[in-house]
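Below is one structure, written out as structure tokens; the observations come after it.
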Amino acid sequence: MEKKQIQELIKTALEQLDYSYVPYSHFHVGAALLAKNGTVYKGCNIENAAYTPSNCAERTAFFKAVSEGIKEFSAICVVGGIDGKTTEYAPPCGVCRQVMMEFCDPETFQIILATDTEHYQVFHLKELLPLGFGPGNLA
């Protein structure tokens with residue numbers, strides 16, 4: 001993926017921080033999911049007083065895409081921080097990594113963790129979820 005395309009995904013993810021609903025943790029997370037068809041699906045985290053019904057930004061983006069019939073993805077950018085200040089990388093939680101495993105090739109799907117458009121790292125899903133369990137394990 002080209003640097004310019006990565007930076008555009010980062011900008012989109014950063015914009016999503018403003019939409020986070022986080023009255024309990026105050027930890028805002030934004031995500032920008034790039035489908036193989038070029039469409040970018042946006043997500044933010046949404047908390048709930050009961051905690052368990054909360055949803056991460058990454059899953060919000062995936063569920064939006066899948067609900068529109070899209071199931072092939074190239075990359076996701078994830079940003080986050082307390083009160084929306086991105087001072088450190090915000091890697092996906094285990095549940096989000098498992099959702100990625102459901103729809104993405106762990107060898108090629110890229111996960112971009114960023115604090116801004118100049119400070120980021122790119123990982124493959126396999127690096128963040130080694131020995132992941134996916135649909136191929138049930139074949």
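Chain labels A, B, ... are given in the sequence in which chains occur in the structure tokens; within each chain residues are numbered consecutively from 1, and ligands are likewise numbered from 1 in the order shown.
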Give me, as a tab-separated table, each residue of stretch 45-74 of chain A that comes within 12 Å of stretch 81-96 of chain A, together with its shortest interatomic pair and the distance in Å at one decimal, counting only C-alpha atoms, with rows ordered by chain and rising residue number.
```
residue	atom	partner	partner_atom	distance
A:Asn45	CA	A:Gly84	CA	11.4
A:Ser54	CA	A:Val95	CA	11.9
A:Asn55	CA	A:Cys96	CA	9.5
A:Cys56	CA	A:Cys96	CA	7.4
A:Ala57	CA	A:Cys96	CA	8.9
A:Glu58	CA	A:Cys96	CA	6.3
A:Arg59	CA	A:Cys96	CA	6.0
A:Thr60	CA	A:Cys96	CA	9.7
A:Ala61	CA	A:Cys96	CA	10.5
A:Phe62	CA	A:Cys96	CA	9.3
A:Phe63	CA	A:Cys96	CA	11.0
```
Shell of 12 Å around A:Lys64, only C-alpha atoms, local chain residues under 3 positions omitted, as a ChimeraX atom specification: /A:31-33,35,39-44,57-61,67-71
Residue list (strand (DSSP E), DSSP) for stretch 16-96 of chain A, as a ChimeraX atom specification: /A:27-35,40-44,73-82
Every residue of stretch 13-137 of chain A that DSSP places in helix (DSSP H, G or I), as a count of residues only: 35
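Among the candidates A:Thr12, A:Thr115, A:Thr52, A:Gln110, the residue lying nearest to A:Gly80 is A:Thr115 (atoms considered: only C-alpha atoms).
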Near-A:Lys126 list (9 Å; only C-alpha atoms; drop same-chain fewer than 6 positions) as a VMD selection string: chain A and resid 101 105 to 109 132
